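Reading through the structure tokens given below for one structure.
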Amino acid sequence: MDTFCKAPRRKTFSKLATAALILLFVLPPVFFGARLTSSMAVGTVLAAFAAMFVGIVRMSSTLHLAGALRSVPVIALVVTLHLVLAGYVVEVDFVRALSSLIMLGICVAGAGALADLLADVDSSRFERLMHRFFYGLLVLGMAAPISVLQPFRGSFEKPVFPFTEPSHFALATTPFLIFACVSSLPRKRLLYIGIALFEALMLQNLTFLVGCLFAASITLRRKHLIMFAVLLLPVLLALDLSYYLERVDFSGDVQNLSSLVYLQGWQLIDESLAATHGLGRGFQQLGLSGTAVSAADLIHAITGSELNLLDGGFNMAKLVCEFGILGAALCAWYIAVAFGAFKMLRSVVSGRRFETPIQIFCASVILGYLLELVLRGAGYFTPTGVLVLTVFMLRQRKQGFLSRMAKLLPNRRILENEVNS
């Protein structure tokens, strides 16, 4: 009887997971693009709350959600204590911090509920779900250059619906591009990266171009990397690359806003560490009291306004500015975890290791989030931010299960090796 009942339940969980992912990646940018909110934070929190609601009312396992709810008080305590300490060094807006802390708690709980939904999908359906999601993103990327389905074009310069700019589209697409390539045959990997690279050039977006090259370095075998480079080089030489070269120009006379925002992020790190003696300004305090860095002055002279002061331009800048040495240590830890994920995926691609689709997806999301961490971010409350919390919960479940089994089963050495790998 259980065998006959399990398939319909799994199918239901697949539909719920699909709906939750669509809501997570559509609601935040649509709210922002329609000018209903000033950032993607509110839409992200609403999508996380919806996932949490589904996780509570459905009659199935809530292992990750329960773990997430237990972790919320601990996170709140640590962040609040750090905020109080920061208040002795710099001015702190406790109301903004505490309201954001409530939003963070909802996002953590929503990530736990989404982890439950994804964990309940069997491997074959999970792989199909992620491939279909990737295909949908590719279609959206193709629609933008030809101005199809772009209701935000009048309000934003280069929207890629539902995203208001190509960079946000790139951050959302890169993890699914990596997953699709790793879980496909070599010929399809070349095809997927080729299509994504074409879209990056059509959209004229450096973040997506870097994401494509990053995905190629992760998922292509050595001979295919050489083939890819040989095919790509004449194409790049035939194109006008001045748009991209301007964005990597960090000389003293730089005038490109994208370069200035990135340079401003690093200057904000230096300013915040010096002003707080390495402690950090506190949760959600970056930019509230202004800044005296030269890049911000130049941005204001060019645009007459301040750009990316609240989010730092990339998430490493925000974390280090707000949490000081602790934030820098967290970033270093994340990069180390991402390096482990890189080695794992390279082993899967080369055929030396087998992993389930859900573990490949976890590694892909962790690697994809590196773009948001070091290149182009939009703050803590983004769809990919919730997704990276989700995959860490999924990874923790697997490692915890294997650790317990290693103590109970005679084949202990094999399981311990897998835990430590």
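Labels used: A, B, ... for chains in the order of the structure tokens, numbers from 1 for residues in each chain, and numbers from 1 for ligands as shown.
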Run DSSP on the backbone of this structure and report the residues of segment 244-387 of chain A it assigns to helix (DSSP H, G or I), as an MDAnalysis selection string.
-> chainID A and resid 244:246 257:276 294:303 315:350 357:374 383:387
Choose the residue, out of A:Leu209, A:Ile56, A:Leu309, A:Val26, that has the smallest atom-to-atom separation from Ser289 of chain A; count only C-alpha atoms.
->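 Checking each candidate against Ser289 of chain A, we get A:Leu309 as the closest.
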Pick from A:Glu91, A:Leu279, A:Gln255, A:Gln264: nearest to Ala292 of chain A, with only C-alpha atoms counted?
-> A:Gln264
Which residue, A:Leu118, A:Leu375, A:Val337, A:Val349, has the smallest gap to Tyr262 of chain A when you use only C-alpha atoms?
->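 Of A:Leu118, A:Leu375, A:Val337, A:Val349, the one nearest Tyr262 of chain A, counting only C-alpha atoms, is A:Leu375.
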Give me the residues near Thr18 of chain A as a PDB file with all heavy atoms, in the first residue's frame, where near means some atom within 9 Å (using only C-alpha atoms) and where sequence neighbours in that chain fewer than 3 positions away do not count.
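What landed in selection_14.pdb:
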ATOM      1  N   PHE A  13       4.586  16.899  -3.906  1.00  0.00           N
ATOM      2  CA  PHE A  13       5.707  17.662  -3.360  1.00  0.00           C
ATOM      3  C   PHE A  13       6.487  18.343  -4.475  1.00  0.00           C
ATOM      4  O   PHE A  13       6.993  19.453  -4.302  1.00  0.00           O
ATOM      5  CB  PHE A  13       6.634  16.747  -2.555  1.00  0.00           C
ATOM      6  CG  PHE A  13       5.963  16.148  -1.349  1.00  0.00           C
ATOM      7  CD1 PHE A  13       6.303  14.877  -0.903  1.00  0.00           C
ATOM      8  CD2 PHE A  13       5.000  16.856  -0.647  1.00  0.00           C
ATOM      9  CE1 PHE A  13       5.699  14.335   0.215  1.00  0.00           C
ATOM     10  CE2 PHE A  13       4.384  16.318   0.476  1.00  0.00           C
ATOM     11  CZ  PHE A  13       4.731  15.048   0.902  1.00  0.00           C
ATOM     12  N   SER A  14       6.595  17.683  -5.644  1.00  0.00           N
ATOM     13  CA  SER A  14       7.285  18.283  -6.786  1.00  0.00           C
ATOM     14  C   SER A  14       6.569  19.547  -7.246  1.00  0.00           C
ATOM     15  O   SER A  14       7.202  20.558  -7.549  1.00  0.00           O
ATOM     16  CB  SER A  14       7.379  17.269  -7.931  1.00  0.00           C
ATOM     17  OG  SER A  14       8.007  17.840  -9.053  1.00  0.00           O
ATOM     18  N   LYS A  15       5.243  19.501  -7.285  1.00  0.00           N
ATOM     19  CA  LYS A  15       4.472  20.673  -7.687  1.00  0.00           C
ATOM     20  C   LYS A  15       4.602  21.798  -6.658  1.00  0.00           C
ATOM     21  O   LYS A  15       4.724  22.973  -7.020  1.00  0.00           O
ATOM     22  CB  LYS A  15       2.999  20.292  -7.870  1.00  0.00           C
ATOM     23  CG  LYS A  15       2.740  19.392  -9.074  1.00  0.00           C
ATOM     24  CD  LYS A  15       1.268  19.037  -9.177  1.00  0.00           C
ATOM     25  CE  LYS A  15       0.998  18.151 -10.392  1.00  0.00           C
ATOM     26  NZ  LYS A  15      -0.442  17.765 -10.486  1.00  0.00           N
ATOM     27  N   LEU A  21       9.590  27.718  -5.706  1.00  0.00           N
ATOM     28  CA  LEU A  21      10.733  28.298  -6.413  1.00  0.00           C
ATOM     29  C   LEU A  21      10.304  29.439  -7.324  1.00  0.00           C
ATOM     30  O   LEU A  21      10.955  30.491  -7.388  1.00  0.00           O
ATOM     31  CB  LEU A  21      11.451  27.217  -7.228  1.00  0.00           C
ATOM     32  CG  LEU A  21      12.399  26.297  -6.468  1.00  0.00           C
ATOM     33  CD1 LEU A  21      12.938  25.214  -7.398  1.00  0.00           C
ATOM     34  CD2 LEU A  21      13.553  27.087  -5.859  1.00  0.00           C
ATOM     35  N   ILE A  22       9.207  29.238  -8.055  1.00  0.00           N
ATOM     36  CA  ILE A  22       8.713  30.291  -8.943  1.00  0.00           C
ATOM     37  C   ILE A  22       8.351  31.533  -8.136  1.00  0.00           C
ATOM     38  O   ILE A  22       8.701  32.671  -8.502  1.00  0.00           O
ATOM     39  CB  ILE A  22       7.502  29.793  -9.759  1.00  0.00           C
ATOM     40  CG1 ILE A  22       7.955  28.712 -10.757  1.00  0.00           C
ATOM     41  CG2 ILE A  22       6.815  30.945 -10.487  1.00  0.00           C
ATOM     42  CD1 ILE A  22       6.812  28.057 -11.497  1.00  0.00           C
ATOM     43  N   LEU A  23       7.657  31.316  -7.034  1.00  0.00           N
ATOM     44  CA  LEU A  23       7.269  32.437  -6.180  1.00  0.00           C
ATOM     45  C   LEU A  23       8.506  33.153  -5.639  1.00  0.00           C
ATOM     46  O   LEU A  23       8.547  34.391  -5.602  1.00  0.00           O
ATOM     47  CB  LEU A  23       6.411  31.918  -5.024  1.00  0.00           C
ATOM     48  CG  LEU A  23       5.588  32.952  -4.244  1.00  0.00           C
ATOM     49  CD1 LEU A  23       4.561  33.614  -5.156  1.00  0.00           C
ATOM     50  CD2 LEU A  23       4.893  32.290  -3.066  1.00  0.00           C
ATOM     51  N   LEU A 118      11.968  20.419  -1.117  1.00  0.00           N
ATOM     52  CA  LEU A 118      12.915  19.859  -2.084  1.00  0.00           C
ATOM     53  C   LEU A 118      13.370  18.466  -1.673  1.00  0.00           C
ATOM     54  O   LEU A 118      13.555  17.585  -2.526  1.00  0.00           O
ATOM     55  CB  LEU A 118      14.129  20.783  -2.224  1.00  0.00           C
ATOM     56  CG  LEU A 118      13.854  22.156  -2.845  1.00  0.00           C
ATOM     57  CD1 LEU A 118      15.110  23.012  -2.828  1.00  0.00           C
ATOM     58  CD2 LEU A 118      13.326  22.024  -4.273  1.00  0.00           C
ATOM     59  N   LEU A 129      12.811  18.916 -12.537  1.00  0.00           N
ATOM     60  CA  LEU A 129      12.340  20.205 -12.042  1.00  0.00           C
ATOM     61  C   LEU A 129      13.401  21.283 -12.248  1.00  0.00           C
ATOM     62  O   LEU A 129      13.101  22.376 -12.764  1.00  0.00           O
ATOM     63  CB  LEU A 129      11.993  20.076 -10.557  1.00  0.00           C
ATOM     64  CG  LEU A 129      11.822  21.375  -9.757  1.00  0.00           C
ATOM     65  CD1 LEU A 129      10.679  22.201 -10.308  1.00  0.00           C
ATOM     66  CD2 LEU A 129      11.598  21.064  -8.279  1.00  0.00           C
ATOM     67  N   MET A 130      14.632  21.008 -11.884  1.00  0.00           N
ATOM     68  CA  MET A 130      15.694  22.001 -12.012  1.00  0.00           C
ATOM     69  C   MET A 130      16.047  22.287 -13.464  1.00  0.00           C
ATOM     70  O   MET A 130      16.348  23.427 -13.824  1.00  0.00           O
ATOM     71  CB  MET A 130      16.934  21.543 -11.238  1.00  0.00           C
ATOM     72  CG  MET A 130      16.689  21.442  -9.742  1.00  0.00           C
ATOM     73  SD  MET A 130      16.002  22.992  -9.072  1.00  0.00           S
ATOM     74  CE  MET A 130      15.380  22.434  -7.498  1.00  0.00           C
ATOM     75  N   PHE A 133      13.303  24.538 -14.789  1.00  0.00           N
ATOM     76  CA  PHE A 133      13.484  25.888 -14.251  1.00  0.00           C
ATOM     77  C   PHE A 133      14.591  26.612 -15.023  1.00  0.00           C
ATOM     78  O   PHE A 133      14.461  27.798 -15.349  1.00  0.00           O
ATOM     79  CB  PHE A 133      13.842  25.801 -12.767  1.00  0.00           C
ATOM     80  CG  PHE A 133      13.489  27.028 -11.989  1.00  0.00           C
ATOM     81  CD1 PHE A 133      12.216  27.207 -11.469  1.00  0.00           C
ATOM     82  CD2 PHE A 133      14.426  28.025 -11.772  1.00  0.00           C
ATOM     83  CE1 PHE A 133      11.884  28.345 -10.752  1.00  0.00           C
ATOM     84  CE2 PHE A 133      14.110  29.161 -11.060  1.00  0.00           C
ATOM     85  CZ  PHE A 133      12.839  29.327 -10.549  1.00  0.00           C
TER      86      PHE A 133
END
Selected residue, from A:Met316, A:Leu233, A:Met103, A:Ala115, that lies nearest to Cys362 of chain A when counting only C-alpha atoms |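 For Cys362 of chain A, the nearest of the given residues is A:Ala115.
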